[in-house]
Amino acid sequence: VESPAKAKTIEKFLGKDFHVISSFGHIRDLAKKNLGIDILNNFSPEYEIPKDKTKIVTDLRKAAGDSKTVWLASDEDREGEAIAWHLASVLKLDLASTKRIVFHEITKDAISHAILNPRQIDMNLVNSQQARRILDRIVGFEISPVLWKKVQPSLSAGRVQSVAVRLIVEREREIISFKSESSFRVTGLFYPDTSELPENNTIRAEASKKFRDDKEATAFLELCAPAEFSVSGITVKPGTRSPAPPFTTSTLQQEAYRKLGFSVAQTMTVAQKLYEAGKITYMRTDSTNLSKLALTKTRELIIAEYGEKYSKTRQFKTKSKSAQEAHEAIRPTYPETSSVTGSQNEKKLYELIWKRTIASQMSDAEVERTTILIGMNNSPVTFTATGEVIKFDGFLKVYSESTDTENGEDEKYILPKVEKGMNLLYETITATQKFTSPPPRYTEASLVKKLEELGIGRPSTYAPTISTIQNRGYVVRGDRPGEKRQLKVLTLSRGRLSSSGRTEAAGKEKSKLFPQDIGMIVNDFLIENFSDIVDYNFTAEVEEQFDKIAEGKLKWTGMLDKFYSVFHKKVTDTLEKKDRKTGIR
């Protein structure tokens with residue numbers, strides 16, 4: 001297997017006939033010297049064992065020689081299949097007698113099942129991984145010297161990382177060119193004009209019109225002062241809210257960022273530890289599928305804990321075309337265990353995964369949404385108040401998903417009982433100056449979401465891509481305090497109009513990705529000279545081709561050949577250009 005932690009967990013289940021050892025990840029990679037690929041010889045890769053792996057390989061060879069059977073149990077994705085193939089090659093194992101097993105959770109049942117159902121190494125998966133590795137090496141190897149010559153030394157480019165940088169640069173330019181506009185938003189606090197005032201009797205409502213400047217807002221408030229207000233309409237609609245599907249790699253990265261403040265890389269490190277200790281299923285997946293056993297166990301738990309009414313078994317269909325449905329979503333291996341031992345971060349992430357999985361199998365929440373329309377006798381402008389009452393909490397008893405918006409959803413008010421035609425009095429009516437905001441900068445989590453929407457990258461590539469663009473200095477993650485901005489506030493209270501001001505921190509940013517000058521220069525250079533490489537559709541198409549290779553529907557060498565003939569010509573043409581690029585456009 002790849003890791004010592006995983007080896008330890010598995011050895012517990014297998015007993016004395018088995019010895020489980022770790023290869024500590026990959027034991028072979030493309031040669032560091034030159035390109036490491038013989039392009040003229042059908043893209044034949046030249047692999048070498050890195051220096052730091054020679055002792056491990058010696059130990060593995062000895063152990064393999066002393067054993068009757070060798071089982072390769074690396075991870076169940078393409079990367080894992082490639083590791084198994086490299087091990088078989090380096091240890092000179094007979095492929096006919098070597099057993100390849102996979103499982104997506106480290107439990108006694110899963111391991112025993114895998115041992116009873118070994119298979120051979122799947123060369124389609126291996127070739128898909130080789131094609132990705134070779135194509136990415138070619139892109140990096142051929143574009144980097146162009147950047148050194150035309151922009152500045154020691155720069156680098158990569159297929160997925162350059163597209164990620166492009167997204168961040170384009171967003172930055174949108175922000176730079178954004179012109180903020182101000183308007184006044186009017187809200188009123190009303191209460192029923194009756195002698196017996198119920199508790200919590202205020203209705204907070206917003207005017208249907210925004211006003212361009214303080215002159216217009218003042219004129220409207222002066223109109224409100226003598227106005228008579230009444231309830232012009234009430235609608236009560238029953239509604240439901242459904243739980244989110246169980247976690248995939250990208251949704252776990254997003255939610256752990258929003259709820260726990262974890263970076264994408266941190267989430268993957270913690271999830272890997274949980275997986276290797278046998279606490280959660282495999283953490284690199286784009287499937288929202290749950291196994292029959294998981295569905296049964298979760299259902300039993302929900303009924304025992306919350307009652308039959310709270311249980312609703314659901315099987316979610318995965319949206320992404322490339323998802324491998326044989327895989328499962330990320331879930332606890334033992335759904336009946338709601339907490340685990342380990343570091344604080346492991347406990348927190350496990351609890352998040354547990355709640356999300358349980359909630360996905362619970363009943364919809366039933367809500368009642370009330371909208372009250374308030375009319376005034378001297379203006380067509382109306383005020384609207386909305387409130388929501390939860391009639392049955394359903395899955396919300398366990399978990400509710402966070403949103404990407406900075407200030408969360410508007411609060412849900414419980415509105416007092418009123419009737420149509422009822423007269424209302426105002427306590428205060430306030431016009432507050434608001435400024436339009438530019439589009440938000442990406443966080444690590446929202447960048448993953450965007451890459452996934454565009455079909456760029458796969459579960460195993462999000463975290464390394466985001467680390468790479470920061471390590472290379474193209475992008476920096478940081479905070480900005482924002483600038484203080486004066487806002488004008490006009491208040492109408494008991495017929496008297498007053499004006500005041502308040503300050504807000506405009507453009508305050510926390511843990512956002514900012515492009516650096518060099519990131520912008522490199523991005524512009526690549527768009528000008530290698531538009532394909534940073535084209536969103538092209539990058540997504542390449543991913544689809546890797547998927548086809550994995551399914552055995554496309555020959556990997558043919559795919560590389562087609563790509564290389566066009567790409568190499570562009571590199572040559574660009575090197576022949578006389579100009580040199582420095583400075584930002």
# chains A, B, ... in the order shown; residues from 1 in each chain; ligands from 1
>>> closest_atom_pairs(of="region 498-543 of chain A", to="region 412-435 of chain A", cutoff="12 Å", atoms="only C-alpha atoms", output="Markdown table")
| residue | atom | partner | partner_atom | distance |
| --- | --- | --- | --- | --- |
| A:Ser498 | CA | A:Thr430 | CA | 9.7 |
| A:Ser499 | CA | A:Ala431 | CA | 9.6 |
| A:Ser500 | CA | A:Thr432 | CA | 9.8 |
| A:Gly501 | CA | A:Thr432 | CA | 9.2 |
| A:Arg502 | CA | A:Thr432 | CA | 9.5 |
| A:Thr503 | CA | A:Gln433 | CA | 10.6 |
| A:Glu504 | CA | A:Lys434 | CA | 10.0 |
| A:Ala505 | CA | A:Phe435 | CA | 11.5 |
| A:Ala506 | CA | A:Phe435 | CA | 8.9 |
| A:Gly507 | CA | A:Phe435 | CA | 10.8 |
>>> residues_around(residues="Ser446 (chain A)", least_positions_apart="4", cutoff="7 Å", atoms="only C-alpha atoms", output="ChimeraX atom specification")
/A:254,442,450
>>> residues_around(residues="Phe43 (chain A)", least_positions_apart="5", cutoff="10 Å", atoms="only C-alpha atoms", output="PDB file with N, CA, C and O atoms, in the first residue's frame")
ATOM      1  N   GLY A  36      12.788  13.329 -20.314  1.00  0.00           N
ATOM      2  CA  GLY A  36      12.320  12.074 -19.705  1.00  0.00           C
ATOM      3  C   GLY A  36      11.283  11.364 -20.573  1.00  0.00           C
ATOM      4  O   GLY A  36      10.606  10.445 -20.127  1.00  0.00           O
ATOM      5  N   ILE A  37      11.142  11.824 -21.837  1.00  0.00           N
ATOM      6  CA  ILE A  37      10.159  11.206 -22.753  1.00  0.00           C
ATOM      7  C   ILE A  37      10.811  11.131 -24.137  1.00  0.00           C
ATOM      8  O   ILE A  37      11.361  12.133 -24.618  1.00  0.00           O
ATOM      9  N   ASP A  38      10.739   9.977 -24.765  1.00  0.00           N
ATOM     10  CA  ASP A  38      11.266   9.841 -26.123  1.00  0.00           C
ATOM     11  C   ASP A  38      10.111  10.103 -27.091  1.00  0.00           C
ATOM     12  O   ASP A  38       9.344   9.208 -27.440  1.00  0.00           O
ATOM     13  N   ALA A 131      -0.606   9.348 -19.646  1.00  0.00           N
ATOM     14  CA  ALA A 131      -0.871  10.405 -20.631  1.00  0.00           C
ATOM     15  C   ALA A 131      -0.902  11.765 -19.936  1.00  0.00           C
ATOM     16  O   ALA A 131      -0.320  12.731 -20.428  1.00  0.00           O
ATOM     17  N   ILE A 134       2.691  12.702 -18.848  1.00  0.00           N
ATOM     18  CA  ILE A 134       3.561  13.023 -19.983  1.00  0.00           C
ATOM     19  C   ILE A 134       3.148  14.356 -20.616  1.00  0.00           C
ATOM     20  O   ILE A 134       3.984  15.218 -20.892  1.00  0.00           O
ATOM     21  N   LEU A 135       1.837  14.531 -20.812  1.00  0.00           N
ATOM     22  CA  LEU A 135       1.372  15.774 -21.430  1.00  0.00           C
ATOM     23  C   LEU A 135       1.748  16.969 -20.552  1.00  0.00           C
ATOM     24  O   LEU A 135       2.237  17.993 -21.035  1.00  0.00           O
ATOM     25  N   TRP A 556      -3.802   6.271 -25.974  1.00  0.00           N
ATOM     26  CA  TRP A 556      -3.113   7.392 -25.327  1.00  0.00           C
ATOM     27  C   TRP A 556      -2.015   8.001 -26.183  1.00  0.00           C
ATOM     28  O   TRP A 556      -1.849   9.221 -26.215  1.00  0.00           O
ATOM     29  N   THR A 557      -1.291   7.162 -26.940  1.00  0.00           N
ATOM     30  CA  THR A 557      -0.202   7.708 -27.754  1.00  0.00           C
ATOM     31  C   THR A 557      -0.761   8.567 -28.895  1.00  0.00           C
ATOM     32  O   THR A 557      -0.214   9.615 -29.234  1.00  0.00           O
ATOM     33  N   GLY A 558      -1.896   8.136 -29.442  1.00  0.00           N
ATOM     34  CA  GLY A 558      -2.539   8.906 -30.517  1.00  0.00           C
ATOM     35  C   GLY A 558      -2.993  10.268 -30.013  1.00  0.00           C
ATOM     36  O   GLY A 558      -2.837  11.293 -30.685  1.00  0.00           O
ATOM     37  N   LEU A 560      -1.703  11.980 -27.509  1.00  0.00           N
ATOM     38  CA  LEU A 560      -0.529  12.830 -27.284  1.00  0.00           C
ATOM     39  C   LEU A 560       0.036  13.348 -28.606  1.00  0.00           C
ATOM     40  O   LEU A 560       0.434  14.504 -28.719  1.00  0.00           O
ATOM     41  N   ASP A 561       0.036  12.485 -29.617  1.00  0.00           N
ATOM     42  CA  ASP A 561       0.585  12.848 -30.916  1.00  0.00           C
ATOM     43  C   ASP A 561      -0.187  14.028 -31.523  1.00  0.00           C
ATOM     44  O   ASP A 561       0.389  14.991 -32.019  1.00  0.00           O
ATOM     45  N   TYR A 564       0.595  17.175 -29.542  1.00  0.00           N
ATOM     46  CA  TYR A 564       1.969  17.658 -29.640  1.00  0.00           C
ATOM     47  C   TYR A 564       2.277  18.330 -30.977  1.00  0.00           C
ATOM     48  O   TYR A 564       2.983  19.337 -31.029  1.00  0.00           O
TER      49      TYR A 564
END
>>> closest_atom_pairs(of="region 221-300 of chain A", to="region 175-199 of chain A", cutoff="9 Å", atoms="only C-alpha atoms", output="JSON lines")
{"residue": "A:Leu221", "atom": "CA", "partner": "A:Val186", "partner_atom": "CA", "distance": 8.9}
{"residue": "A:Phe229", "atom": "CA", "partner": "A:Phe190", "partner_atom": "CA", "distance": 8.8}
{"residue": "A:Ser230", "atom": "CA", "partner": "A:Pro192", "partner_atom": "CA", "distance": 8.7}
>>> residues_around(residues="Lys297 (chain A)", least_positions_apart="2", cutoff="12 Å", atoms="only C-alpha atoms", output="PyMOL selection string")
chain A and resi 290-295+299-304+311+313+331-337+357-358+361
>>> select_by_dssp(residues="region 11-182 of chain A", states="alpha helix (DSSP H)", output="PyMOL selection string")
chain A and resi 11-14+54-65+78-90+108-116+123-150+159-176
>>> closest_residue(among="A:Lys347, A:Lys512, A:Lys55, A:Arg204", to="Glu172 (chain A)", atoms="only C-alpha atoms")
A:Lys512
>>> atom_distance(atom1="CA of Pro4 (chain A)", atom2="CA of Lys53 (chain A)")
14.7 Å
>>> closest_residue(among="A:Glu444, A:Ala463, A:Asn529, A:His26", to="Leu167 (chain A)", atoms="only C-alpha atoms")
A:Glu444
>>> closest_residue(among="A:Thr382, A:Gln344, A:Asn201, A:Ser162", to="Ser232 (chain A)", atoms="only C-alpha atoms")
A:Thr382
>>> residues_around(residues="region 387-402 of chain A", least_positions_apart="5", cutoff="6 Å", atoms="only C-alpha atoms", output="PyMOL selection string")
chain A and resi 310+355+359+362-370+412-415
>>> residues_around(residues="Asp66 (chain A)", least_positions_apart="5", cutoff="12 Å", atoms="only C-alpha atoms", output="ChimeraX atom specification")
/A:18-19,59-61
>>> write_last_selection(atoms="N, CA and C atoms", output="tab-separated table (two decimals), in the first residue's frame")
chain	number	residue	atom	x	y	z
A	18	PHE	N	-0.35	-12.57	6.51
A	18	PHE	CA	-0.07	-11.41	5.65
A	18	PHE	C	0.90	-10.45	6.30
A	19	HIS	N	1.76	-9.90	5.47
A	19	HIS	CA	2.65	-8.83	5.94
A	19	HIS	C	2.32	-7.61	5.06
A	59	ASP	N	14.25	-2.69	0.06
A	59	ASP	CA	13.47	-3.41	1.09
A	59	ASP	C	12.27	-4.13	0.47
A	60	LEU	N	11.60	-3.44	-0.46
A	60	LEU	CA	10.41	-4.02	-1.09
A	60	LEU	C	10.79	-5.25	-1.93
A	61	ARG	N	11.93	-5.16	-2.64
A	61	ARG	CA	12.37	-6.29	-3.48
A	61	ARG	C	12.63	-7.52	-2.60
>>> residues_around(residues="Met268 (chain A)", least_positions_apart="2", cutoff="10 Å", atoms="only C-alpha atoms", output="ChimeraX atom specification")
/A:249,252-253,262-266,270-274,283-284,460,462-464
>>> closest_residue(among="A:Arg137, A:Lys8, A:Arg314, A:Lys68", to="Val160 (chain A)", atoms="only C-alpha atoms")
A:Arg137
>>> closest_atom_pairs(of="region 64-173 of chain A", to="region 474-481 of chain A", cutoff="12 Å", atoms="only C-alpha atoms", output="JSON lines")
{"residue": "A:Leu155", "atom": "CA", "partner": "A:Tyr474", "partner_atom": "CA", "distance": 9.6}
{"residue": "A:Ser156", "atom": "CA", "partner": "A:Tyr474", "partner_atom": "CA", "distance": 9.9}
{"residue": "A:Ala157", "atom": "CA", "partner": "A:Tyr474", "partner_atom": "CA", "distance": 10.3}
{"residue": "A:Gln161", "atom": "CA", "partner": "A:Tyr474", "partner_atom": "CA", "distance": 9.8}
{"residue": "A:Ser162", "atom": "CA", "partner": "A:Tyr474", "partner_atom": "CA", "distance": 9.5}
{"residue": "A:Val163", "atom": "CA", "partner": "A:Tyr474", "partner_atom": "CA", "distance": 11.9}
{"residue": "A:Ala164", "atom": "CA", "partner": "A:Val475", "partner_atom": "CA", "distance": 9.8}
{"residue": "A:Val165", "atom": "CA", "partner": "A:Tyr474", "partner_atom": "CA", "distance": 7.2}
{"residue": "A:Arg166", "atom": "CA", "partner": "A:Tyr474", "partner_atom": "CA", "distance": 10.3}
{"residue": "A:Leu167", "atom": "CA", "partner": "A:Val475", "partner_atom": "CA", "distance": 11.1}
{"residue": "A:Ile168", "atom": "CA", "partner": "A:Val475", "partner_atom": "CA", "distance": 8.1}
{"residue": "A:Val169", "atom": "CA", "partner": "A:Val475", "partner_atom": "CA", "distance": 9.0}
{"residue": "A:Glu172", "atom": "CA", "partner": "A:Val475", "partner_atom": "CA", "distance": 11.2}
>>> write_last_selection(atoms="N, CA and C atoms", output="short mmCIF file (atom, residue, chain, number, x, y, z; two decimals), in the first residue's frame")
data_model
loop_
_atom_site.label_atom_id
_atom_site.label_comp_id
_atom_site.auth_asym_id
_atom_site.auth_seq_id
_atom_site.Cartn_x
_atom_site.Cartn_y
_atom_site.Cartn_z
N LEU A 155 10.80 30.98 -14.48
CA LEU A 155 9.33 30.91 -14.42
C LEU A 155 8.88 29.54 -14.91
N SER A 156 7.62 29.21 -14.64
CA SER A 156 7.13 27.93 -15.18
C SER A 156 5.65 28.06 -15.51
N ALA A 157 5.18 27.16 -16.36
CA ALA A 157 3.76 27.15 -16.73
C ALA A 157 3.28 25.72 -16.64
N GLN A 161 -2.59 24.66 -13.84
CA GLN A 161 -2.25 25.82 -13.00
C GLN A 161 -2.39 27.13 -13.77
N SER A 162 -2.03 27.14 -15.07
CA SER A 162 -2.10 28.39 -15.84
C SER A 162 -3.55 28.84 -16.02
N VAL A 163 -4.46 27.87 -16.13
CA VAL A 163 -5.88 28.20 -16.26
C VAL A 163 -6.41 28.75 -14.92
N ALA A 164 -5.96 28.17 -13.82
CA ALA A 164 -6.37 28.66 -12.49
C ALA A 164 -5.90 30.10 -12.30
N VAL A 165 -4.66 30.38 -12.72
CA VAL A 165 -4.13 31.76 -12.61
C VAL A 165 -4.95 32.69 -13.49
N ARG A 166 -5.31 32.22 -14.69
CA ARG A 166 -6.10 33.06 -15.59
C ARG A 166 -7.42 33.47 -14.95
N LEU A 167 -8.10 32.53 -14.28
CA LEU A 167 -9.37 32.85 -13.62
C LEU A 167 -9.18 33.98 -12.60
N ILE A 168 -8.08 33.87 -11.83
CA ILE A 168 -7.83 34.86 -10.76
C ILE A 168 -7.47 36.22 -11.35
N VAL A 169 -6.68 36.21 -12.43
CA VAL A 169 -6.28 37.47 -13.09
C VAL A 169 -7.50 38.14 -13.71
N GLU A 172 -9.56 39.77 -11.11
CA GLU A 172 -8.89 40.97 -10.61
C GLU A 172 -9.14 42.15 -11.55
#
>>> closest_residue(among="A:Asp532, A:Lys149, A:Asn345, A:Gln486", to="Thr574 (chain A)", atoms="only C-alpha atoms")
A:Lys149
>>> atom_distance(atom1="CA of Val90 (chain A)", atom2="CA of Thr461 (chain A)")
25.8 Å
